[in-house]
file target_24.cif (mmCIF, C-alpha atoms)
data_model
#
loop_
_atom_site.label_atom_id
_atom_site.label_comp_id
_atom_site.auth_asym_id
_atom_site.auth_seq_id
_atom_site.Cartn_x
_atom_site.Cartn_y
_atom_site.Cartn_z
CA MET S 118 -4.33 16.62 21.63
CA ASN S 119 -7.61 16.40 23.56
CA ALA S 120 -9.72 14.63 20.99
CA PRO S 121 -13.13 13.53 22.27
CA VAL S 122 -13.03 9.90 23.30
CA ILE S 123 -14.98 7.81 20.81
CA ASN S 124 -16.79 4.74 22.04
CA PRO S 125 -14.55 1.75 21.23
CA PHE S 126 -17.51 -0.18 19.80
CA ILE S 127 -18.23 2.55 17.30
CA ILE S 128 -14.61 2.31 16.21
CA PHE S 129 -15.03 -1.46 15.95
CA PHE S 130 -18.01 -1.34 13.60
CA ALA S 131 -16.75 1.64 11.68
CA SER S 132 -13.44 -0.08 10.94
CA ILE S 133 -15.28 -3.13 9.60
CA ILE S 134 -17.70 -1.26 7.38
CA THR S 135 -17.38 2.44 6.70
CA SER S 136 -13.66 2.93 7.28
CA ASN S 137 -12.72 -0.45 5.90
CA MET S 138 -8.95 -0.79 5.63
CA VAL S 139 -8.90 -1.86 2.00
CA LEU S 140 -11.91 -0.15 0.56
CA SER S 141 -11.53 3.29 2.03
CA ASN S 142 -7.93 3.50 3.25
CA PHE S 143 -6.34 1.37 0.53
CA LEU S 144 -4.15 -0.55 2.91
CA GLY S 145 -2.95 -4.07 2.26
CA MET S 146 -3.62 -3.84 -1.46
CA CYS S 147 -0.69 -5.94 -2.65
CA SER S 148 -1.83 -9.21 -1.14
CA PHE S 149 -5.44 -8.18 -1.58
CA ILE S 150 -5.01 -8.18 -5.34
CA SER S 151 -2.67 -11.14 -5.70
CA VAL S 152 -4.12 -13.65 -3.22
CA SER S 153 -7.79 -13.31 -4.12
CA ASN S 154 -8.24 -15.92 -6.81
CA GLU S 155 -9.55 -18.66 -4.57
CA PHE S 156 -12.10 -18.22 -1.86
CA LYS S 157 -10.45 -20.70 0.51
CA THR S 158 -6.96 -19.22 0.32
CA ALA S 159 -8.30 -15.70 0.56
CA SER S 160 -10.28 -16.53 3.64
CA GLY S 161 -7.23 -18.19 5.21
CA LEU S 162 -5.14 -15.11 4.61
CA GLY S 163 -7.91 -12.98 6.07
CA LYS S 164 -7.87 -15.03 9.26
CA SER S 165 -4.11 -14.75 9.66
CA VAL S 166 -4.19 -11.02 9.02
CA THR S 167 -6.84 -10.55 11.68
CA LEU S 168 -4.80 -12.55 14.16
CA VAL S 169 -1.55 -10.74 13.46
CA MET S 170 -3.26 -7.38 13.42
CA VAL S 171 -4.73 -7.75 16.90
CA PHE S 172 -1.42 -8.94 18.34
CA THR S 173 0.78 -6.33 16.72
CA THR S 174 -1.48 -3.38 17.47
CA ILE S 175 -1.57 -4.30 21.13
CA ILE S 176 2.19 -4.81 21.30
CA ASN S 177 2.85 -1.64 19.36
CA TYR S 178 0.50 0.27 21.66
CA VAL S 179 2.38 -0.92 24.71
CA VAL S 180 5.74 -0.22 23.09
CA TYR S 181 4.60 3.21 22.00
CA LYS S 182 3.18 4.22 25.38
CA PHE S 183 5.88 2.79 27.62
CA ILE S 184 9.07 2.87 25.56
CA ILE S 185 8.85 5.32 22.67
CA LEU S 186 7.08 8.19 24.44
CA PRO S 187 9.06 8.20 27.73
CA LEU S 188 12.38 7.93 25.92
CA ASN S 189 11.43 10.54 23.35
CA LEU S 190 12.07 8.23 20.39
CA GLU S 191 9.18 9.52 18.26
CA TYR S 192 11.38 9.80 15.19
CA LEU S 193 12.38 6.13 15.40
CA ARG S 194 8.84 4.83 15.54
CA TYR S 195 8.74 3.49 11.98
CA VAL S 196 11.79 1.34 12.57
CA ILE S 197 10.57 0.16 15.96
CA PHE S 198 7.11 -0.72 14.67
CA ILE S 199 8.53 -2.70 11.78
CA ILE S 200 10.82 -4.66 14.07
CA VAL S 201 7.95 -5.34 16.47
CA ILE S 202 5.79 -6.57 13.60
CA ALA S 203 8.49 -8.83 12.17
CA ALA S 204 9.32 -10.22 15.60
CA SER S 205 5.72 -10.84 16.64
CA VAL S 206 4.96 -12.62 13.37
CA GLN S 207 7.89 -14.93 14.12
CA ILE S 208 6.69 -15.51 17.68
CA ILE S 209 3.13 -16.21 16.58
CA GLU S 210 4.49 -18.71 14.10
CA LEU S 211 6.56 -20.49 16.76
CA VAL S 212 3.74 -20.59 19.31
CA MET S 213 1.27 -21.82 16.72
CA ASP S 214 3.65 -24.51 15.57
CA ARG S 215 4.01 -25.74 19.15
CA TYR S 216 0.42 -25.62 20.35
CA LEU S 217 -1.84 -25.47 17.30
CA PRO S 218 -0.05 -27.46 14.62
CA ASP S 219 -3.22 -27.93 12.51
CA LEU S 220 -3.84 -24.23 12.32
CA HIS S 221 -0.19 -23.64 11.61
CA ILE S 222 -0.26 -25.90 8.57
CA LYS S 223 -3.31 -24.05 7.28
CA LEU S 224 -2.14 -20.49 7.91
CA GLY S 225 1.62 -20.98 7.99
CA ILE S 226 2.32 -20.07 4.38
CA PHE S 227 0.70 -16.69 4.81
CA LEU S 228 2.51 -15.57 7.92
CA PRO S 229 5.78 -14.39 6.34
CA LEU S 230 3.78 -12.54 3.68
CA ILE S 231 2.02 -10.58 6.35
CA THR S 232 5.18 -8.91 7.65
CA VAL S 233 5.21 -6.69 4.58
CA ASN S 234 1.46 -6.17 4.47
CA CYS S 235 0.98 -2.43 4.67
CA ALA S 236 -2.30 -2.79 6.54
CA ILE S 237 -0.47 -4.04 9.62
CA LEU S 238 1.94 -1.12 9.79
CA GLY S 239 -0.82 1.25 8.74
CA ILE S 240 -2.99 0.29 11.69
CA SER S 241 -0.19 1.07 14.11
CA LEU S 242 0.45 4.43 12.46
CA PHE S 243 -3.25 5.34 12.49
CA MET S 244 -3.37 4.40 16.16
CA VAL S 245 -0.59 6.90 16.88
CA ILE S 246 -2.04 9.67 14.72
CA ARG S 247 -5.55 9.29 16.13
CA ASN S 248 -4.26 9.03 19.68
CA TYR S 249 -6.31 5.99 20.72
CA ASN S 250 -6.40 4.56 24.23
CA PHE S 251 -5.99 0.86 24.99
CA TRP S 252 -9.57 -0.35 24.40
CA GLN S 253 -9.95 1.74 21.31
CA THR S 254 -6.71 0.31 19.97
CA LEU S 255 -7.76 -3.27 20.70
CA LEU S 256 -11.13 -2.97 18.99
CA PHE S 257 -9.67 -0.92 16.15
CA GLY S 258 -7.17 -3.68 15.43
CA LEU S 259 -9.79 -6.41 15.66
CA GLY S 260 -12.32 -4.52 13.56
CA SER S 261 -9.82 -3.64 10.87
CA GLY S 262 -8.69 -7.25 10.66
CA LEU S 263 -12.26 -8.49 10.32
CA GLY S 264 -12.98 -5.80 7.76
CA TRP S 265 -9.98 -6.84 5.71
CA TRP S 266 -11.05 -10.47 5.92
CA LEU S 267 -14.60 -9.59 4.84
CA ALA S 268 -13.32 -7.59 1.89
CA ILE S 269 -10.85 -10.16 0.56
CA ALA S 270 -13.28 -13.07 1.03
CA THR S 271 -16.03 -11.20 -0.82
CA LEU S 272 -13.70 -10.22 -3.62
CA ALA S 273 -12.48 -13.80 -4.02
CA ALA S 274 -16.03 -15.13 -4.11
CA ILE S 275 -17.06 -12.61 -6.77
CA LYS S 276 -13.95 -13.32 -8.82
CA GLU S 277 -14.58 -17.06 -8.76
CA LYS S 278 -18.05 -16.52 -10.18
CA ILE S 279 -17.14 -13.88 -12.72
CA GLY S 280 -14.13 -15.77 -14.07
CA LYS S 281 -16.34 -17.93 -16.25
CA ASN S 282 -17.77 -15.00 -18.19
CA LYS S 283 -16.48 -13.23 -21.26
CA ILE S 284 -14.21 -10.36 -20.30
CA PRO S 285 -12.48 -7.84 -22.58
CA GLU S 286 -8.92 -9.01 -23.27
CA GLY S 287 -7.13 -6.03 -21.71
CA LEU S 288 -9.26 -6.08 -18.61
CA LYS S 289 -8.42 -9.62 -17.55
CA GLY S 290 -6.53 -10.04 -14.29
CA PRO S 291 -5.78 -6.98 -12.21
CA GLY S 292 -7.92 -4.57 -14.23
CA LEU S 293 -11.09 -6.45 -13.49
CA THR S 294 -10.09 -6.89 -9.86
CA PHE S 295 -9.86 -3.14 -9.44
CA ILE S 296 -13.26 -2.58 -11.02
CA ILE S 297 -14.87 -5.13 -8.71
CA THR S 298 -13.10 -3.56 -5.74
CA GLY S 299 -14.30 -0.13 -6.80
CA LEU S 300 -17.89 -1.34 -6.93
CA MET S 301 -17.49 -2.95 -3.52
CA ALA S 302 -16.10 0.31 -2.17
CA LEU S 303 -19.15 2.13 -3.56
CA ALA S 304 -21.44 -0.31 -1.80
CA PHE S 305 -19.61 0.12 1.49
CA ILE S 306 -19.69 3.90 1.16
CA GLY S 307 -23.45 3.64 0.93
CA LEU S 308 -23.43 2.79 4.62
CA SER S 309 -21.42 5.83 5.67
CA GLY S 310 -23.15 8.19 8.02
CA ILE S 311 -24.09 5.35 10.34
CA PHE S 312 -20.70 5.43 12.00
CA VAL S 313 -18.22 8.24 11.75
CA ILE S 314 -14.62 8.17 12.88
CA LYS S 315 -11.87 10.53 11.95
CA MET M 203 26.86 2.45 -19.22
CA ILE M 204 24.55 4.90 -20.97
CA SER M 205 22.85 2.18 -22.94
CA GLU M 206 22.36 0.23 -19.73
CA ILE M 207 20.72 3.26 -18.16
CA LYS M 208 18.49 3.58 -21.20
CA THR M 209 17.26 0.01 -20.98
CA VAL M 210 16.61 0.48 -17.27
CA LEU M 211 14.67 3.67 -18.02
CA ASN M 212 12.59 2.09 -20.74
CA ARG M 213 11.81 -0.94 -18.65
CA ASN M 214 10.74 0.95 -15.57
CA LEU M 215 8.70 3.62 -17.30
CA TRP M 216 6.68 1.40 -19.58
CA LYS M 217 7.37 -2.31 -20.05
CA GLU M 218 7.48 -3.15 -16.36
CA ASN M 219 5.98 -0.01 -14.95
CA PRO M 220 5.64 -0.74 -11.23
CA VAL M 221 2.08 0.50 -10.86
CA ILE M 222 0.19 -0.46 -13.99
CA ARG M 223 2.19 -3.46 -15.21
CA GLN M 224 3.40 -5.08 -12.00
CA ILE M 225 0.60 -3.85 -9.71
CA LEU M 226 3.01 -2.84 -6.96
CA GLY M 227 2.73 0.05 -4.56
CA ILE M 228 -0.99 0.36 -5.07
CA CYS M 229 -1.81 1.39 -1.51
CA SER M 230 -0.33 4.83 -1.74
CA ALA M 231 -1.08 5.15 -5.45
CA LEU M 232 -4.76 5.14 -4.59
CA ALA M 233 -4.73 6.97 -1.31
CA VAL M 234 -2.86 10.14 -2.22
CA THR M 235 -4.19 10.71 -5.72
CA ASN M 236 -7.16 12.93 -4.99
CA LEU M 237 -4.91 16.00 -5.26
CA ALA M 238 -2.10 16.37 -7.78
CA ILE M 239 0.22 18.21 -5.41
CA ASN M 240 0.03 15.41 -2.83
CA SER M 241 0.88 12.84 -5.48
CA LEU M 242 3.83 14.88 -6.67
CA VAL M 243 5.30 15.16 -3.20
CA MET M 244 4.64 11.47 -2.55
CA GLY M 245 6.28 10.56 -5.87
CA ILE M 246 9.38 12.61 -5.16
CA GLY M 247 9.63 11.10 -1.69
CA LEU M 248 9.38 7.62 -3.15
CA MET M 249 11.97 8.37 -5.85
CA PHE M 250 14.40 9.53 -3.19
CA VAL M 251 13.85 6.42 -1.09
CA THR M 252 13.97 3.87 -3.92
CA ALA M 253 17.06 5.39 -5.51
CA LEU M 254 19.08 5.68 -2.32
CA SER M 255 17.98 2.41 -0.77
CA SER M 256 18.74 0.52 -3.99
CA PHE M 257 22.15 2.19 -4.00
CA THR M 258 22.85 1.31 -0.37
CA ILE M 259 21.59 -2.25 -0.63
CA SER M 260 23.66 -2.78 -3.73
CA LEU M 261 26.76 -1.40 -2.00
CA LEU M 262 26.26 -3.78 0.90
CA ARG M 263 25.05 -6.71 -1.17
CA ASN M 264 28.12 -8.84 -0.54
CA TYR M 265 28.11 -8.20 3.20
CA ILE M 266 24.46 -8.87 4.05
CA PRO M 267 23.94 -12.49 5.11
CA GLN M 268 21.31 -14.15 2.92
CA ARG M 269 19.10 -15.34 5.75
CA ILE M 270 18.48 -11.98 7.36
CA ARG M 271 18.57 -9.87 4.22
CA MET M 272 14.86 -8.97 4.35
CA ILE M 273 15.09 -7.36 7.75
CA VAL M 274 18.33 -5.55 6.86
CA GLN M 275 16.75 -4.20 3.69
CA THR M 276 13.68 -3.09 5.59
CA LEU M 277 15.83 -1.24 8.10
CA ILE M 278 17.79 0.53 5.35
CA ILE M 279 14.54 1.56 3.68
CA ALA M 280 13.04 2.67 6.98
CA SER M 281 15.95 4.96 7.75
CA TYR M 282 15.54 6.78 4.43
CA VAL M 283 11.80 7.06 5.00
CA ILE M 284 12.48 8.70 8.35
CA LEU M 285 14.60 11.30 6.55
CA VAL M 286 11.75 12.03 4.12
CA ASP M 287 9.24 12.22 6.97
CA ILE M 288 11.33 14.65 9.01
CA PHE M 289 12.04 16.79 5.94
CA LEU M 290 8.35 17.04 5.07
CA LYS M 291 7.33 17.81 8.64
CA ALA M 292 9.84 20.64 8.80
CA ASN M 293 9.31 22.16 5.37
CA LEU M 294 5.87 21.23 4.12
CA PRO M 295 3.82 20.68 7.29
CA GLU M 296 0.43 20.90 5.54
CA ILE M 297 1.19 18.29 2.93
CA SER M 298 2.80 16.14 5.56
CA LYS M 299 -0.47 16.24 7.48
CA ALA M 300 -2.52 15.44 4.38
CA LEU M 301 -0.35 12.44 3.53
CA GLY M 302 -0.56 11.27 7.13
CA PRO M 303 0.46 7.66 7.61
CA TYR M 304 1.14 7.11 3.93
CA ILE M 305 4.63 8.57 4.21
CA GLY M 306 5.48 5.97 6.84
CA LEU M 307 3.91 3.35 4.64
CA ILE M 308 6.57 3.93 1.99
CA ILE M 309 8.50 1.38 4.06
CA THR M 310 6.10 -1.39 3.14
CA ASN M 311 5.69 -0.13 -0.42
CA CYS M 312 6.33 -3.21 -2.50
CA ILE M 313 8.10 -1.25 -5.25
CA ILE M 314 11.14 -0.60 -3.11
CA MET M 315 11.38 -4.13 -1.79
CA GLY M 316 10.78 -5.40 -5.31
CA ARG M 317 13.61 -3.33 -6.79
CA ALA M 318 15.90 -4.35 -3.95
CA GLU M 319 15.17 -8.04 -4.38
CA ALA M 320 15.01 -8.16 -8.15
CA PHE M 321 17.77 -5.74 -9.09
CA ALA M 322 19.96 -4.21 -6.38
CA GLN M 323 20.79 -7.67 -4.99
CA LYS M 324 22.68 -8.63 -8.11
CA ASN M 325 23.89 -5.40 -9.71
CA PRO M 326 26.57 -2.77 -9.00
CA PRO M 327 25.60 0.37 -7.08
CA VAL M 328 25.45 3.05 -9.79
CA ILE M 329 23.12 1.19 -12.11
CA SER M 330 21.01 0.12 -9.13
CA PHE M 331 20.69 3.77 -8.20
CA PHE M 332 19.28 4.59 -11.63
CA ASP M 333 17.04 1.55 -11.58
CA GLY M 334 15.55 2.65 -8.28
CA LEU M 335 15.25 6.24 -9.47
CA PHE M 336 13.42 5.32 -12.66
CA ALA M 337 11.11 2.92 -10.85
CA GLY M 338 10.22 5.95 -8.72
CA VAL M 339 9.72 8.06 -11.86
CA GLY M 340 7.46 5.41 -13.39
CA TYR M 341 5.42 5.42 -10.22
CA THR M 342 5.20 9.21 -10.08
CA VAL M 343 4.09 9.54 -13.70
CA ILE M 344 1.16 7.16 -13.19
CA LEU M 345 0.26 8.79 -9.89
CA LEU M 346 0.20 12.23 -11.46
CA GLY M 347 -1.92 10.94 -14.32
CA ILE M 348 -4.51 9.49 -11.99
CA ALA M 349 -4.37 12.49 -9.68
CA LEU M 350 -4.88 15.03 -12.47
CA VAL M 351 -8.00 13.28 -13.72
CA ARG M 352 -9.36 12.94 -10.21
CA GLU M 353 -8.57 16.53 -9.25
CA ILE M 354 -9.94 18.06 -12.43
CA LEU M 355 -13.20 16.13 -12.29
CA GLY M 356 -13.52 16.08 -8.52
CA PHE M 357 -12.57 19.63 -7.53
CA GLY M 358 -12.40 21.43 -10.88
CA THR M 359 -8.82 22.51 -10.18
CA ILE M 360 -5.29 21.71 -11.36
CA PHE M 361 -2.62 21.79 -8.66
CA GLY M 362 -5.08 23.81 -6.59
CA MET M 363 -5.69 26.45 -9.29
CA VAL M 364 -9.24 26.84 -10.58
CA ILE M 365 -9.64 26.02 -14.27
CA PRO M 366 -10.70 29.19 -16.07
CA PHE M 367 -13.68 29.48 -18.48
CA VAL M 368 -15.01 25.98 -17.95
CA LYS M 369 -17.73 25.65 -15.38
CA PHE M 370 -19.24 22.35 -14.31
CA THR M 371 -20.46 20.71 -11.16
CA PRO M 372 -17.56 18.76 -9.63
CA TRP M 373 -18.10 15.03 -9.44
CA THR M 374 -17.93 14.30 -5.74
CA ILE M 375 -17.38 10.62 -6.45
CA MET M 376 -13.98 11.44 -7.95
CA VAL M 377 -12.72 12.61 -4.56
CA MET M 378 -13.94 9.47 -2.83
CA PRO M 379 -12.11 6.14 -2.64
CA PRO M 380 -14.02 4.13 -5.30
CA SER M 381 -12.94 6.42 -8.11
CA GLY M 382 -9.33 5.61 -7.25
CA PHE M 383 -10.05 1.96 -8.00
CA PHE M 384 -11.89 2.79 -11.21
CA MET M 385 -9.17 5.14 -12.46
CA ILE M 386 -6.41 2.63 -11.88
CA ALA M 387 -8.49 -0.08 -13.56
CA ILE M 388 -8.87 2.14 -16.62
CA PHE M 389 -5.13 2.85 -16.72
CA ILE M 390 -4.34 -0.85 -16.50
CA TRP M 391 -6.94 -1.64 -19.14
CA ILE M 392 -5.47 0.85 -21.61
CA SER M 393 -1.88 -0.21 -21.01
CA SER M 394 -2.53 -3.92 -21.29
CA SER M 395 -4.64 -3.47 -24.43
CA ILE M 396 -1.75 -1.62 -26.10
CA MET M 397 0.66 -4.25 -24.84
CA ASN M 398 -1.46 -7.10 -26.21
CA LYS M 399 -1.74 -5.43 -29.61
CA ARG M 400 2.02 -5.06 -29.82
CA LEU M 401 2.57 -8.67 -28.87
CA ASN M 402 0.10 -9.79 -31.53
CA LYS M 403 1.86 -7.69 -34.18
CA GLU M 404 5.20 -9.20 -33.25
CA LYS M 405 3.71 -12.66 -33.55
CA VAL M 406 2.34 -11.86 -37.03
CA LYS M 407 5.73 -10.58 -38.16
CA LYS M 408 7.38 -13.78 -37.08
#
call {"tool": "encode", "arguments": {"input": "target_24.cif", "output": "C-alpha cells"}}
result
Amino acid sequence: MNAPVINPFIIFFASIITSNMVLSNFLGMCSFISVSNEFKTASGLGKSVTLVMVFTTIINYVVYKFIILPLNLEYLRYVIFIIVIAASVQIIELVMDRYLPDLHIKLGIFLPLITVNCAILGISLFMVIRNYNFWQTLLFGLGSGLGWWLAIATLAAIKEKIGKNKIPEGLKGPGLTFIITGLMALAFIGLSGIFVIK
Amino acid sequence: MISEIKTVLNRNLWKENPVIRQILGICSALAVTNLAINSLVMGIGLMFVTALSSFTISLLRNYIPQRIRMIVQTLIIASYVILVDIFLKANLPEISKALGPYIGLIITNCIIMGRAEAFAQKNPPVISFFDGLFAGVGYTVILLGIALVREILGFGTIFGMVIPFVKFTPWTIMVMPPSGFFMIAIFIWISSSIMNKRLNKEKVKK
C-alpha cells in the first residue's frame, strides 16, 4: 500500500483533462446525456456538481480515515458514503437557502439530482482505491468537478449548434450525443502523456 | 401470470431496453466493456441486484413512507451490492480488481432505481422480481454485444481466447474510452432506425 505520493497539482490537472470523469471514466453519464440540451442549464449543473463534489469528497475522506478505518467497517463503506452524500447535499441546500438565496434559486433544482449522480460516489471510491492523502483528495475532487463541468458545458454548446443541421433520423437524440462525446473523448486523449495518474 | 412475465420480458429486452432505448446505466456499460468476461460478470452482478432489490422493495412497498422512499430504496440496493462485492472479492479477485469502483457504482446505476420507481413501487413481489431480472438481462445482452466487438477488434480475442486463423493488427482505439461512446452510438442508431421503421409501417396500416 506504499504507492508513491503524486503531487496534488498533477492530480488536479490530470483529473480535469486526461483522466476526465466523463470522458475517460464514464462517470455521471446519466445527467450528462439528459441535461445537456441547453448551455445555460448544463453549465449550472456543472457548477453544482463541482460544489457538491468538493464537499462530499472531503467529508467522505474524513469519515473514511477517522470512522470507517478505526472501526473496521470497510465492508459498509458503500452504504456510509451514500448516506454522507445524501446528507451533505441536504445540508448544502439548507445553508445555501439561508445565506445565498440567489444561488439557491439558480442551482436548487439540480441539487436533488446530484445525489444519484454516479460521479460523486465514484470520486469517493476512487479516493479509497488510490489511497489518496488529504490534499490529493481535495484537489482530486475539485479537478474532477471542474472537468465534469467543462465536459458538459462543451457538449451542450456543440449540441446547440449542431441541432440546426440535418441529422439521420435514427441518430437524433442520444445517438448523436454519444458520437459527439466520443469525438470529445478522442480530443482529450490527444493530451495524454502530459499528466499521468493511475 | 406467464403472459405477464412474457410482456415484462419483451418490454425489457427490446421495446424499453434499459441501455439502448432508455439510456440508463450507461456509466458501467461503457467502462467495463473492453473485455467480454468483465461485462459478463458485471451483467450477472447487476441482474442479481436488480431482481432482488425489486423483489424486496415491492415486498415493503406498503410500509415505506413516501417521503423517505428514495433513501430506503438506496439502502436496500446498497446492501445487495455489498453482497456482490464481497462475493467477487472472495471468488474472483482478479475480475473484482479489474472492475474496481464500478461494482460499488451499481448502487447509483439508474436502471435499478428506475425499475424500483417505475415498477416495483406499484406491483406485487413476484412479477417485480422478474421485471428486475429481465431488465438486468436486457442490460447484459447489450453489454456483451458491445464488449465482443470491442474485444475482437481491440485485442483480437474472444473471452480471452485468441481467434484462430485470422491475423490482423488490433485496433488500439477499440480498447480506449472513445470507442465505447462510438459503439453505443451505433447500437442506439441501429435500434432506433428499426423502431422508426416499425412505427411508420404501423401508421401506414392504419
call {"tool": "closest_atom_pairs", "arguments": {"input": "target_24.cif", "of": "chain M", "to": "chain S", "cutoff": "8 Å", "atoms": "all atoms listed in the file", "output": "Markdown table"}}
result
| residue | atom | partner | partner_atom | distance |
| --- | --- | --- | --- | --- |
| M:Ile225 | CA | S:Cys147 | CA | 7.5 |
| M:Leu226 | CA | S:Cys147 | CA | 6.5 |
| M:Gly227 | CA | S:Cys147 | CA | 7.2 |
| M:Ile228 | CA | S:Met146 | CA | 6.1 |
| M:Cys229 | CA | S:Phe143 | CA | 5.0 |
| M:Ser230 | CA | S:Phe143 | CA | 7.3 |
| M:Leu232 | CA | S:Phe143 | CA | 6.6 |
| M:Ala233 | CA | S:Phe143 | CA | 6.1 |
| M:Leu277 | CA | S:Val196 | CA | 6.6 |
| M:Ala280 | CA | S:Val196 | CA | 5.9 |
| M:Ser281 | CA | S:Val196 | CA | 7.3 |
| M:Ile284 | CA | S:Tyr192 | CA | 7.0 |
| M:Ile288 | CA | S:Tyr192 | CA | 7.9 |
| M:Gly302 | CA | S:Ile246 | CA | 7.9 |
| M:Pro303 | CA | S:Leu242 | CA | 5.8 |
| M:Tyr304 | CA | S:Gly239 | CA | 7.8 |
| M:Gly306 | CA | S:Tyr195 | CA | 6.6 |
| M:Leu307 | CA | S:Cys235 | CA | 6.5 |
| M:Thr310 | CA | S:Cys235 | CA | 5.4 |
| M:Asn311 | CA | S:Cys235 | CA | 7.3 |
| M:Cys312 | CA | S:Cys147 | CA | 7.5 |
| M:Pro379 | CA | S:Ser141 | CA | 5.5 |
| M:Pro380 | CA | S:Gly299 | CA | 4.5 |
| M:Ser381 | CA | S:Gly299 | CA | 6.8 |
| M:Gly382 | CA | S:Gly299 | CA | 7.6 |
| M:Phe383 | CA | S:Gly299 | CA | 4.9 |
| M:Phe384 | CA | S:Ile296 | CA | 5.5 |
| M:Ile386 | CA | S:Phe295 | CA | 7.2 |
| M:Ala387 | CA | S:Gly292 | CA | 4.6 |
| M:Ile388 | CA | S:Gly292 | CA | 7.2 |
| M:Ile390 | CA | S:Gly292 | CA | 5.6 |
| M:Trp391 | CA | S:Leu288 | CA | 5.0 |
| M:Ile392 | CA | S:Gly287 | CA | 7.1 |
| M:Ser393 | CA | S:Gly287 | CA | 7.9 |
| M:Ser394 | CA | S:Gly287 | CA | 5.1 |
| M:Ser395 | CA | S:Gly287 | CA | 4.5 |
| M:Asn398 | CA | S:Gly287 | CA | 7.3 |
call {"tool": "residues_around", "arguments": {"input": "target_24.cif", "residues": "Asp333 in chain M", "least_positions_apart": "2", "cutoff": "8 Å", "atoms": "only C-alpha atoms", "output": "JSON list (two decimals) with C-alpha atoms, in the coordinates of the input"}}
result
[["chain", "number", "residue", "atom", "x", "y", "z"],
["M", 207, "ILE", "CA", 20.72, 3.26, -18.16],
["M", 210, "VAL", "CA", 16.61, 0.48, -17.27],
["M", 211, "LEU", "CA", 14.67, 3.67, -18.02],
["M", 214, "ASN", "CA", 10.74, 0.95, -15.57],
["M", 253, "ALA", "CA", 17.06, 5.39, -5.51],
["M", 256, "SER", "CA", 18.74, 0.52, -3.99],
["M", 317, "ARG", "CA", 13.61, -3.33, -6.79],
["M", 321, "PHE", "CA", 17.77, -5.74, -9.09],
["M", 329, "ILE", "CA", 23.12, 1.19, -12.11],
["M", 330, "SER", "CA", 21.01, 0.12, -9.13],
["M", 331, "PHE", "CA", 20.69, 3.77, -8.20],
["M", 335, "LEU", "CA", 15.25, 6.24, -9.47],
["M", 336, "PHE", "CA", 13.42, 5.32, -12.66],
["M", 337, "ALA", "CA", 11.11, 2.92, -10.85]]
call {"tool": "atom_distance", "arguments": {"input": "target_24.cif", "atom1": "CA of Ile375 in chain M", "atom2": "CA of Gln224 in chain M"}}
result
26.6 Å
call {"tool": "residues_around", "arguments": {"input": "target_24.cif", "residues": "Gly262 in chain S", "least_positions_apart": "4", "cutoff": "10 Å", "atoms": "only C-alpha atoms", "output": "JSON, numbers by chain"}}
result
{"S": [132, 133, 137, 138, 163, 164, 165, 166, 167, 168, 169, 170, 171, 236, 237, 240, 256, 257, 258, 266, 267, 268]}
call {"tool": "closest_residue", "arguments": {"input": "target_24.cif", "among": "S:Lys182, S:Arg247, S:Lys281, S:Lys223", "to": "Ser160 in chain S", "atoms": "all atoms listed in the file"}}
result
S:Lys223
